[in-house]
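So this block is data30.txt, compact mmCIF, C-alpha atoms:
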```
# COMPACT_ATOMS: atom_id res chain seq x y z
CA MET A 274 27.71 -18.34 4.37
CA GLU A 275 27.71 -14.97 6.11
CA ARG A 276 26.26 -15.02 9.63
CA LEU A 277 23.16 -12.91 10.09
CA THR A 278 23.72 -10.48 12.93
CA GLY A 279 22.64 -7.05 14.04
CA GLU A 280 25.90 -6.36 15.86
CA GLY A 281 27.23 -2.95 14.95
CA ARG A 282 23.89 -1.93 13.40
CA HIS A 283 22.02 1.07 14.83
CA PHE A 284 18.38 1.24 13.68
CA LEU A 285 16.24 4.38 13.77
CA PHE A 286 12.49 3.88 13.37
CA LEU A 287 10.19 6.72 12.36
CA GLN A 288 6.43 6.43 11.78
CA GLY A 289 5.01 2.99 11.08
CA PRO A 290 1.70 1.19 10.58
CA HIS A 291 -0.84 1.76 13.34
CA GLY A 292 -0.47 -0.90 16.00
CA PRO A 293 2.36 -2.95 17.50
CA PHE A 294 4.20 -4.14 14.37
CA PHE A 295 7.17 -1.75 14.63
CA ALA A 296 7.64 -2.55 18.33
CA ARG A 297 7.66 -6.30 17.63
CA LEU A 298 10.12 -5.82 14.79
CA ALA A 299 12.42 -3.71 16.97
CA ALA A 300 12.44 -6.41 19.66
CA LEU A 301 13.69 -8.99 17.17
CA LEU A 302 16.38 -6.64 15.87
CA ARG A 303 17.57 -6.14 19.45
CA SER A 304 17.63 -9.93 19.89
CA ALA A 305 19.83 -10.12 16.79
CA GLY A 306 22.35 -7.78 18.43
CA GLY A 307 21.25 -4.44 17.00
CA GLN A 308 20.56 -1.20 18.85
CA VAL A 309 17.18 0.42 18.21
CA TRP A 310 15.64 3.87 18.70
CA ARG A 311 12.40 5.40 17.56
CA VAL A 312 11.45 9.01 17.05
CA GLY A 313 7.83 9.59 18.06
CA PHE A 314 5.89 12.55 16.70
CA ASN A 315 2.71 12.21 18.75
CA ARG A 316 1.08 10.29 21.58
CA GLY A 317 -0.18 7.65 19.14
CA ASP A 318 3.38 6.79 18.14
CA GLN A 319 4.35 6.53 21.80
CA ALA A 320 1.36 4.34 22.76
CA PHE A 321 2.55 1.45 20.58
CA TRP A 322 6.23 1.59 21.57
CA PRO A 323 7.92 0.50 24.82
CA ARG A 324 9.82 3.13 26.79
CA ALA A 325 13.26 1.86 25.78
CA GLY A 326 14.74 3.87 22.94
CA PHE A 327 11.82 6.27 22.49
CA ILE A 328 12.85 9.77 21.38
CA PRO A 329 10.01 12.32 21.45
CA PHE A 330 10.02 15.05 18.83
CA THR A 331 8.00 17.84 20.44
CA GLU A 332 9.29 20.80 18.45
CA ALA A 333 7.78 22.62 15.47
CA GLN A 334 7.91 20.73 12.18
CA ALA A 335 10.32 23.29 10.75
CA ASN A 336 12.95 22.08 13.24
CA TRP A 337 12.78 18.45 12.07
CA PRO A 338 15.79 18.48 9.67
CA ALA A 339 18.18 19.83 12.34
CA PHE A 340 16.70 17.54 15.01
CA LEU A 341 17.18 14.53 12.71
CA GLU A 342 20.79 15.42 11.98
CA THR A 343 21.50 15.46 15.69
CA ILE A 344 19.89 12.04 16.21
CA LEU A 345 21.75 10.49 13.29
CA ASP A 346 25.07 11.77 14.66
CA ARG A 347 24.44 11.07 18.35
CA HIS A 348 23.45 7.44 17.82
CA ALA A 349 25.66 6.72 14.79
CA ILE A 350 22.62 5.47 12.88
CA THR A 351 23.33 2.87 10.21
CA ASP A 352 19.76 1.92 9.27
CA LEU A 353 16.54 3.91 8.84
CA VAL A 354 13.17 2.10 9.09
CA ILE A 355 10.01 3.78 7.77
CA TYR A 356 6.49 3.03 6.57
CA GLY A 357 6.06 4.80 3.25
CA ASP A 358 8.55 7.33 1.92
CA THR A 359 6.51 10.32 0.78
CA ARG A 360 5.26 12.07 3.94
CA ALA A 361 7.42 15.13 4.60
CA ILE A 362 9.24 13.82 7.68
CA HIS A 363 10.13 10.58 5.88
CA ALA A 364 11.18 12.28 2.66
CA GLU A 365 13.59 14.47 4.64
CA ALA A 366 14.93 11.43 6.51
CA VAL A 367 15.47 9.46 3.29
CA ALA A 368 17.36 12.40 1.75
CA GLN A 369 19.66 12.70 4.76
CA ALA A 370 20.13 8.92 4.91
CA HIS A 371 21.20 8.79 1.27
CA GLN A 372 23.71 11.59 1.87
CA ARG A 373 25.25 9.62 4.74
CA GLY A 374 25.16 6.15 3.16
CA ILE A 375 22.55 4.91 5.66
CA CYS A 376 20.55 1.86 4.62
CA VAL A 377 16.86 2.74 4.20
CA HIS A 378 14.28 0.01 4.91
CA VAL A 379 10.84 0.89 3.53
CA PHE A 380 7.65 -0.96 4.43
CA GLU A 381 4.43 -0.51 2.51
CA GLU A 382 1.14 -2.27 1.93
CA GLY A 383 1.69 -5.19 -0.41
CA TYR A 384 1.94 -4.67 -4.14
CA LEU A 385 0.14 -8.04 -4.22
CA ARG A 386 -2.18 -7.25 -1.31
CA PRO A 387 -4.07 -8.34 0.71
CA TRP A 388 -1.97 -11.44 1.42
CA TRP A 389 1.49 -9.89 1.21
CA VAL A 390 3.25 -6.74 2.43
CA THR A 391 6.07 -4.89 0.72
CA TYR A 392 9.64 -4.60 1.98
CA GLU A 393 12.13 -2.63 -0.15
CA ARG A 394 15.33 -0.65 0.19
CA ASP A 395 15.52 3.11 -0.51
CA GLY A 396 11.97 3.70 -1.82
CA SER A 397 8.54 2.30 -2.64
CA ASN A 398 5.76 2.79 -5.19
CA GLY A 399 6.87 5.48 -7.64
CA HIS A 400 10.30 5.58 -5.95
CA SER A 401 10.73 1.79 -6.04
CA ARG A 402 13.62 0.20 -7.90
CA LEU A 403 10.97 -1.80 -9.75
CA MET A 404 10.24 1.34 -11.78
CA GLY A 405 13.59 1.01 -13.50
CA LEU A 406 13.65 -2.79 -13.89
CA SER A 407 12.47 -4.31 -17.15
CA VAL A 408 10.66 -7.61 -17.47
CA ASP A 409 13.74 -8.96 -19.28
CA GLN A 410 15.93 -8.15 -16.26
CA MET A 411 13.43 -9.86 -13.98
CA ARG A 412 13.31 -12.87 -16.27
CA ARG A 413 17.09 -13.21 -16.11
CA GLY A 414 16.96 -13.04 -12.32
CA LEU A 415 14.44 -15.86 -12.21
CA GLU A 416 16.85 -18.08 -14.13
CA ASN A 417 18.74 -18.43 -10.84
CA CYS A 418 15.81 -20.08 -9.04
CA ASP A 419 13.58 -22.99 -10.00
CA THR A 420 10.57 -22.34 -7.78
CA ASP A 421 6.96 -22.80 -8.81
CA GLN A 422 4.29 -20.12 -8.92
CA ILE A 423 3.27 -19.33 -5.35
CA ASP A 424 -0.40 -19.42 -4.39
CA ALA A 425 -1.90 -16.83 -2.08
CA PRO A 426 -1.45 -17.86 1.56
CA ALA A 427 -4.24 -17.86 4.12
CA HIS A 428 -6.04 -14.56 4.60
CA TRP A 429 -4.73 -12.67 7.61
CA GLY A 430 -7.99 -10.99 8.60
CA ASP A 431 -6.40 -7.54 8.84
CA MET A 432 -9.28 -5.21 7.94
CA ARG A 433 -11.07 -4.92 11.29
CA GLN A 434 -7.75 -4.72 13.14
CA HIS A 435 -6.57 -2.04 10.71
CA VAL A 436 -9.61 0.12 11.42
CA PHE A 437 -9.44 -0.59 15.18
CA TYR A 438 -5.78 0.37 15.53
CA GLY A 439 -6.40 3.48 13.41
CA ALA A 440 -9.18 4.56 15.75
CA VAL A 441 -7.03 3.90 18.86
CA TYR A 442 -4.08 5.79 17.38
CA HIS A 443 -6.14 8.86 16.54
CA ALA A 444 -7.85 8.75 19.92
CA TYR A 445 -4.46 9.02 21.64
CA VAL A 446 -3.48 11.91 19.38
CA LEU A 447 -6.80 13.64 19.91
CA PHE A 448 -7.12 13.31 23.68
CA ALA A 449 -3.58 12.86 25.05
CA ASN A 450 -1.24 14.79 22.77
CA ARG A 451 -0.44 17.75 25.03
CA ARG A 452 3.28 16.94 25.10
CA PHE A 453 3.51 17.01 21.28
CA ARG A 454 2.14 20.48 20.61
CA GLY A 455 4.19 20.86 17.43
CA PHE A 456 2.70 17.80 15.76
CA ARG A 457 1.03 18.31 12.39
CA PRO A 458 -0.55 15.34 10.53
CA HIS A 459 0.78 14.56 7.07
CA ARG A 460 -2.76 14.58 5.66
CA ALA A 461 -5.02 17.57 5.06
CA LEU A 462 -7.61 16.70 7.73
CA ASP A 463 -6.90 17.47 11.37
CA VAL A 464 -6.69 14.70 13.94
CA ARG A 465 -10.18 15.30 15.30
CA ALA A 466 -11.70 14.81 11.86
CA GLU A 467 -9.55 11.71 11.24
CA PHE A 468 -10.73 10.19 14.53
CA ARG A 469 -14.37 10.87 13.73
CA LEU A 470 -13.98 9.21 10.33
CA TYR A 471 -12.32 6.12 11.80
CA LEU A 472 -14.96 5.82 14.49
CA ARG A 473 -17.84 6.35 12.07
CA ARG A 474 -16.43 3.76 9.69
CA LEU A 475 -15.97 1.24 12.49
CA LEU A 476 -19.58 1.68 13.61
CA SER A 477 -21.04 1.64 10.11
CA MET A 478 -19.27 -1.48 8.85
CA PRO A 479 -22.39 -3.74 9.18
CA LEU A 480 -24.60 -1.28 7.25
CA HIS A 481 -21.96 -0.80 4.56
CA ALA A 482 -21.57 -4.56 4.22
CA LEU A 483 -25.31 -4.91 3.52
CA GLU A 484 -25.24 -2.06 0.99
CA ARG A 485 -22.23 -3.66 -0.71
CA ARG A 486 -23.89 -7.07 -0.98
CA ILE A 487 -26.98 -5.58 -2.59
CA ALA A 488 -24.97 -3.53 -5.12
CA THR A 489 -22.75 -6.50 -5.98
CA TRP A 490 -25.75 -8.81 -6.40
CA ARG A 491 -27.40 -6.39 -8.81
CA ILE A 492 -24.26 -6.21 -10.94
CA ARG A 493 -23.56 -9.93 -10.96
CA THR A 494 -27.16 -10.81 -11.84
CA GLY A 495 -27.71 -7.92 -14.28
CA GLY A 496 -26.62 -9.89 -17.34
CA PHE A 497 -24.72 -6.96 -18.88
CA PRO A 498 -21.02 -6.71 -19.85
CA TYR A 499 -19.18 -4.34 -17.55
CA HIS A 500 -15.82 -2.66 -16.98
CA LEU A 501 -14.31 -1.88 -13.58
CA ALA A 502 -12.83 1.40 -12.36
CA LEU A 503 -10.66 0.70 -9.31
CA LEU A 504 -10.73 3.70 -6.98
CA GLN A 505 -8.14 4.69 -4.39
CA LEU A 506 -8.03 6.83 -1.29
CA GLU A 507 -7.69 10.42 -2.43
CA HIS A 508 -5.34 11.18 0.47
CA ASP A 509 -3.13 8.14 -0.18
CA SER A 510 0.48 8.97 -1.02
CA SER A 511 0.48 6.87 -4.21
CA PHE A 512 -2.41 8.91 -5.56
CA GLN A 513 -1.10 12.28 -4.40
CA MET A 514 2.56 11.82 -5.32
CA HIS A 515 2.53 9.45 -8.29
CA SER A 516 -0.50 10.40 -10.40
CA PRO A 517 -1.52 13.22 -12.77
CA PHE A 518 -4.68 13.98 -10.76
CA ARG A 519 -5.12 16.29 -7.79
CA THR A 520 -8.47 14.85 -6.75
CA MET A 521 -10.36 11.60 -7.28
CA THR A 522 -13.16 13.58 -8.94
CA GLU A 523 -10.78 14.44 -11.79
CA PHE A 524 -10.16 10.73 -12.37
CA LEU A 525 -13.90 9.98 -12.21
CA ALA A 526 -14.57 12.60 -14.88
CA VAL A 527 -11.93 11.17 -17.22
CA CYS A 528 -13.27 7.62 -16.79
CA ILE A 529 -16.91 8.55 -17.38
CA GLU A 530 -16.13 10.72 -20.41
CA GLY A 531 -13.93 8.02 -21.96
CA PHE A 532 -16.53 5.34 -21.30
CA ALA A 533 -19.39 7.42 -22.71
CA GLN A 534 -17.45 8.09 -25.92
CA GLY A 535 -15.80 4.72 -26.44
CA ALA A 536 -17.69 1.81 -24.86
CA PRO A 537 -20.43 -0.12 -26.67
CA ARG A 538 -23.85 1.22 -25.67
CA HIS A 539 -24.87 -2.01 -23.94
CA HIS A 540 -21.77 -2.07 -21.69
CA HIS A 541 -21.80 -0.78 -18.09
CA LEU A 542 -19.15 0.86 -15.88
CA VAL A 543 -18.69 -0.17 -12.23
CA PHE A 544 -16.74 2.02 -9.79
CA LYS A 545 -15.27 -0.03 -6.95
CA ALA A 546 -14.30 2.01 -3.87
CA HIS A 547 -11.20 1.29 -1.79
CA PRO A 548 -11.91 -0.98 1.22
CA LEU A 549 -10.79 1.78 3.60
CA GLU A 550 -12.79 4.58 1.99
CA ASP A 551 -14.20 6.56 4.91
CA GLY A 552 -16.49 9.11 3.32
CA ARG A 553 -14.19 12.12 3.34
CA THR A 554 -14.84 12.45 -0.39
CA ARG A 555 -18.34 12.31 -1.90
CA LEU A 556 -17.56 9.52 -4.35
CA LYS A 557 -21.03 8.15 -4.99
CA GLN A 558 -22.59 11.59 -5.40
CA ASP A 559 -19.82 12.74 -7.76
CA ILE A 560 -20.05 9.57 -9.84
CA MET A 561 -23.79 9.85 -10.37
CA ARG A 562 -23.59 13.59 -11.07
CA LEU A 563 -20.94 13.06 -13.75
CA ALA A 564 -22.80 10.06 -15.18
CA ARG A 565 -26.04 12.05 -15.51
CA ARG A 566 -24.16 14.86 -17.25
CA ALA A 567 -22.72 12.32 -19.74
CA GLY A 568 -26.15 10.73 -20.28
CA ILE A 569 -25.15 7.29 -19.00
CA ALA A 570 -26.51 7.27 -15.43
CA ASP A 571 -28.42 4.02 -16.10
CA ARG A 572 -25.14 2.27 -17.06
CA VAL A 573 -22.97 3.38 -14.12
CA HIS A 574 -22.75 1.63 -10.73
CA PHE A 575 -20.95 2.19 -7.43
CA VAL A 576 -19.79 -0.53 -5.01
CA ARG A 577 -18.59 0.47 -1.55
CA GLY A 578 -15.36 -1.36 -0.61
CA GLY A 579 -15.31 -5.08 0.05
CA LYS A 580 -13.49 -7.84 -1.79
CA LEU A 581 -12.65 -7.40 -5.43
CA ALA A 582 -12.56 -10.99 -6.69
CA GLY A 583 -16.31 -11.45 -7.15
CA LEU A 584 -16.53 -8.41 -9.43
CA LEU A 585 -13.35 -9.21 -11.34
CA ASN A 586 -14.55 -12.67 -12.25
CA HIS A 587 -17.10 -11.26 -14.69
CA ALA A 588 -15.51 -7.94 -15.78
CA ARG A 589 -14.27 -7.19 -19.31
CA SER A 590 -11.46 -4.79 -18.34
CA ALA A 591 -10.29 -2.44 -15.60
CA VAL A 592 -8.96 1.11 -15.31
CA THR A 593 -7.20 2.74 -12.38
CA VAL A 594 -4.77 5.48 -11.47
CA ASN A 595 -2.12 3.25 -9.88
CA SER A 596 -4.00 1.01 -7.43
CA THR A 597 -2.25 -2.16 -6.28
CA ALA A 598 -5.59 -3.91 -6.85
CA ALA A 599 -4.66 -3.83 -10.54
CA GLN A 600 -2.32 -6.74 -9.84
CA GLN A 601 -5.41 -8.94 -9.41
CA VAL A 602 -6.62 -7.74 -12.81
CA LEU A 603 -3.37 -8.74 -14.50
CA TRP A 604 -3.25 -12.08 -12.70
CA ARG A 605 -6.56 -12.92 -14.39
CA GLY A 606 -5.24 -11.89 -17.80
CA MET A 607 -7.68 -8.98 -18.12
CA PRO A 608 -6.97 -5.78 -20.07
CA LEU A 609 -5.76 -2.94 -17.84
CA LYS A 610 -5.35 0.81 -18.32
CA VAL A 611 -3.43 2.95 -15.80
CA PHE A 612 -2.89 6.71 -15.54
CA GLY A 613 -0.25 7.15 -12.82
CA PHE A 614 3.18 5.77 -12.02
CA ALA A 615 2.93 2.16 -10.85
CA VAL A 616 5.44 -0.62 -10.27
CA TYR A 617 3.44 -2.90 -12.60
CA ASP A 618 3.22 -0.38 -15.44
CA LYS A 619 5.17 -2.43 -17.97
CA PRO A 620 4.44 -2.32 -21.73
CA GLU A 621 4.20 -6.10 -21.85
CA PHE A 622 0.97 -6.17 -19.87
CA VAL A 623 -0.51 -2.67 -19.44
CA SER A 624 -2.44 -1.10 -22.32
CA THR A 625 -1.06 1.99 -24.04
CA GLN A 626 -4.34 2.70 -25.89
CA PRO A 627 -6.19 6.00 -25.50
CA LEU A 628 -9.05 5.51 -23.07
CA THR A 629 -11.84 5.66 -25.66
CA GLU A 630 -10.11 2.97 -27.74
CA PHE A 631 -9.49 0.92 -24.61
CA PHE A 632 -13.18 0.88 -23.70
CA ALA A 633 -14.10 0.07 -27.32
CA ALA A 634 -11.67 -2.84 -27.82
CA PRO A 635 -9.10 -3.27 -25.03
CA THR A 636 -5.85 -5.10 -25.77
CA ARG A 637 -5.08 -8.11 -23.59
CA PRO A 638 -1.86 -8.36 -21.54
CA ASP A 639 1.00 -10.78 -22.13
CA ARG A 640 -0.02 -13.11 -19.35
CA ARG A 641 3.24 -15.07 -19.40
CA ALA A 642 5.24 -11.87 -18.94
CA TYR A 643 3.04 -10.86 -16.02
CA ARG A 644 3.46 -14.24 -14.34
CA GLU A 645 7.23 -13.80 -14.57
CA TYR A 646 6.94 -10.30 -13.12
CA ARG A 647 4.74 -11.57 -10.29
CA GLN A 648 7.14 -14.39 -9.52
CA PHE A 649 10.02 -11.92 -9.36
CA LEU A 650 8.12 -9.87 -6.77
CA LEU A 651 7.31 -12.95 -4.68
CA GLU A 652 10.98 -13.91 -4.66
CA THR A 653 12.08 -10.43 -3.57
CA SER A 654 9.92 -7.69 -2.04
CA GLN A 655 6.57 -9.38 -1.32
CA LEU A 656 6.35 -11.12 2.04
CA PRO A 657 3.34 -13.13 3.23
CA GLY A 658 1.77 -11.66 6.34
CA GLY A 659 0.21 -8.43 7.53
CA PHE A 660 0.82 -5.46 9.83
CA TYR A 661 -2.37 -5.51 11.86
CA SER A 662 -3.58 -8.98 12.85
CA ALA A 663 -1.56 -11.14 15.24
CA ALA A 664 -1.40 -14.01 12.73
CA GLY A 665 -0.23 -11.69 9.95
CA ARG A 666 2.47 -10.12 12.15
CA ARG A 667 3.79 -13.51 13.23
CA GLN A 668 4.15 -14.66 9.64
CA LEU A 669 5.81 -11.43 8.53
CA LEU A 670 8.26 -11.23 11.45
CA ARG A 671 9.44 -14.79 10.86
CA GLN A 672 11.22 -13.69 7.71
CA VAL A 673 11.62 -9.93 7.39
CA VAL A 674 14.36 -9.55 10.04
CA ASP A 675 16.65 -11.86 8.06
CA LEU A 676 16.08 -9.77 4.92
CA MET A 677 16.86 -6.55 6.81
CA LEU A 678 20.12 -7.96 8.14
CA LEU A 679 21.35 -9.14 4.75
CA PRO A 680 23.85 -6.74 3.16
CA GLN A 681 22.28 -6.91 -0.30
CA ASP A 682 19.03 -5.46 -1.60
CA PRO A 683 16.52 -8.29 -2.30
CA TYR A 684 16.29 -7.33 -5.98
CA ASP A 685 20.06 -7.34 -6.46
CA ALA A 686 20.39 -10.61 -4.56
CA LEU A 687 18.04 -12.41 -6.94
CA ILE A 688 19.45 -10.84 -10.11
CA ASP A 689 23.03 -11.64 -9.00
CA GLY A 690 22.09 -15.19 -8.01
CA THR A 691 22.95 -14.81 -4.31
CA ALA A 692 19.42 -14.90 -2.86
CA ALA A 693 18.41 -17.82 -0.67
CA PRO A 694 15.30 -19.67 -1.92
CA ARG A 695 12.30 -17.87 -0.48
CA GLN A 696 10.72 -21.18 0.54
CA GLN A 697 13.28 -21.39 3.33
CA LEU A 698 11.74 -18.24 4.77
CA ARG A 699 8.09 -19.02 4.14
CA LEU A 700 6.75 -20.92 7.13
CA VAL A 701 3.32 -22.26 7.95
CA ASN A 702 1.16 -19.88 9.99
```
Transcribe the structure of this file into structure tokens.
Amino acid sequence: MERLTGEGRHFLFLQGPHGPFFARLAALLRSAGGQVWRVGFNRGDQAFWPRAGFIPFTEAQANWPAFLETILDRHAITDLVIYGDTRAIHAEAVAQAHQRGICVHVFEEGYLRPWWVTYERDGSNGHSRLMGLSVDQMRRGLENCDTDQIDAPAHWGDMRQHVFYGAVYHAYVLFANRRFRGFRPHRALDVRAEFRLYLRRLLSMPLHALERRIATWRIRTGGFPYHLALLQLEHDSSFQMHSPFRTMTEFLAVCIEGFAQGAPRHHHLVFKAHPLEDGRTRLKQDIMRLARRAGIADRVHFVRGGKLAGLLNHARSAVTVNSTAAQQVLWRGMPLKVFGFAVYDKPEFVSTQPLTEFFAAPTRPDRRAYREYRQFLLETSQLPGGFYSAAGRRQLLRQVVDLMLLPQDPYDALIDGTAAPRQQLRLVN
């Protein structure tokens, strides 16, 4: 059995999740014998990284490709580590890495969130290798392991930490970023606006929780059949890069029109906001405006964030652009309609009906095929843990370093029959 070692490996980290996860990961890679550097683009990046190996990028964004080439050459980089692959600086880095044969390690929020995170090679979401893998290929890979279906592990309690670290990060960028004058955020809003949104959301969490409980109670005790529309963050890369819509309002309009034309007149439509929705888009106002125009305002509801399970337990079907929350829909065997590119968009379990037909009589998924798909993910790219809470980081770090040091992509390792049983990596929190 090949010895796991970082000797001879030179890792370059770019931007990661807010908080200390990347720094903790780098420390373990150094312990394994690897050399580690990180390029920081602002004071927030620097705040969560020790001094060793920190490379500040203080130039204009237009100089990034040439700056990156110099870093890759100077440090003989063998591995690139990023969080998401669509922001401009990461897309450029991935392109240069592929040209040079550099291994690209991509972290993302879990495809089976909130209990898992995603680790893949070369790309994630619409760029994931899962997009080109059929259920039959996954099924053949699972023939090489005899593990049972894996239950969700303990909840990691990441939400408050996620919001807290986001607020701290943006505070550093807002108030202490003088050295990084060339920094430009990858989202449309400036840093000051981002900080205000994080702070406002942190302070308003108790009020939003009360509003959410009231809205959920009304739906669950209303006695009417309902369908769920799973909303996403409009600025999220999956929505921007892997969907046919430019704005969330466009998706809202399509859903409400399709529901008004196709659903039985006694059915209702519930829009469930993303847990991290921060008010930068006027979702509730747009939903009610569109519902009034379609003449169905009394059958349309809005729920602000929170957990999804309670609403799913009584829903008839769900629609989304490409939200990872749809995995919970499929796990329950509920009909699902998607509009964007998604790693779970397989003909075995995602409806191909036009939206009006879907709301009228949605087709059910092949639940056995989805369970095989889910098991394939849990044996490859889905790792229990989280980026933001201490407990979640500990669980994630216990196993991800080994996967990064292995020469083979996790998907190939399982399909070729060379993957170690995941249970050997899954430890008690």
TODO: Mind giving me the straight-line distance from atom CA of A:Ala488 to atom CA of A:Gly579 in Å, one decimal?
DONE: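 Atom CA of A:Ala488 sits 11.1 Å away from atom CA of A:Gly579.
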Open item on the list: Given the point (-11.9, 1.2, -22.4) in the coordinates of this file, which residues lie within 8 Å, counting all atoms listed in the file, and how would they look as a list in words?
Closed with: His500, Gly531, Phe532, Gly535, Ala536, Ser590, Ala591, Val592, Lys610, Leu628, Thr629, Glu630, Phe631, Phe632, Ala633, Ala634 and Pro635 of chain A
Open item on the list: Give me, as a list of chain:residue names, all polymer residues having an atom no more than 8 Å from stretch 413-416 of chain A, counting all atoms listed in the file and skipping those fewer than 3 positions away in the same chain.
Closed with: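 The contact residues come out as A:Asp409, A:Gln410, A:Asp419, A:Glu645, A:Gln648, A:Phe649, A:Leu687, A:Ile688, A:Asp689, A:Gly690.
Between atom CA of A:Pro323 and atom CA of A:Gly455 the interatomic distance comes to 22.0 Å.
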Extract, using only C-alpha atoms, all DNA, RNA and protein residues at most 9 Å from A:Leu353, discarding same-chain residues fewer than 3 positions from it, and format them as a CSV table (one decimal) with C-alpha atoms, keeping the file's coordinate frame.
```
chain,number,residue,atom,x,y,z
A,283,HIS,CA,22.0,1.1,14.8
A,284,PHE,CA,18.4,1.2,13.7
A,285,LEU,CA,16.2,4.4,13.8
A,286,PHE,CA,12.5,3.9,13.4
A,287,LEU,CA,10.2,6.7,12.4
A,350,ILE,CA,22.6,5.5,12.9
A,366,ALA,CA,14.9,11.4,6.5
A,367,VAL,CA,15.5,9.5,3.3
A,370,ALA,CA,20.1,8.9,4.9
A,375,ILE,CA,22.6,4.9,5.7
A,376,CYS,CA,20.6,1.9,4.6
A,377,VAL,CA,16.9,2.7,4.2
A,378,HIS,CA,14.3,0.0,4.9
A,379,VAL,CA,10.8,0.9,3.5
```
Open item on the list: Applying 12 Å and all atoms listed in the file, which residues near A:Met561 remain after dropping the ones on its own chain fewer than 6 positions away? List them as JSON, numbers by chain.
Closed with: {"A": [522, 525, 526, 529, 542, 543, 544, 555, 567, 568, 569, 570, 571, 572, 573, 574, 575]}
- [ ] Please identify all polymer residues within 9 Å of A:Glu381, counting all atoms listed in the file, omitting same-chain residues fewer than 3 positions from it, and present them as a list in words.
- [x]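 Within the cut-off, the hits are Pro290, Ile355, Tyr356, Gly357, Asp358, Tyr384, Val390, Thr391, Tyr392, Glu393, Ser397 and Asn398 of chain A.
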Open item on the list: With distances taken over only C-alpha atoms, which residue among A:Asp346, A:Asp675, A:Asp618, A:Asp318 lies nearest A:Pro293?
Closed with: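 Once distances to A:Pro293 are computed over only C-alpha atoms, the minimum belongs to A:Asp318.
You can rank A:Val446, A:Ala325, A:Met432, A:Ala588 by their closest distance to A:Arg386 using all atoms listed in the file, and at the top of that list sits A:Met432.
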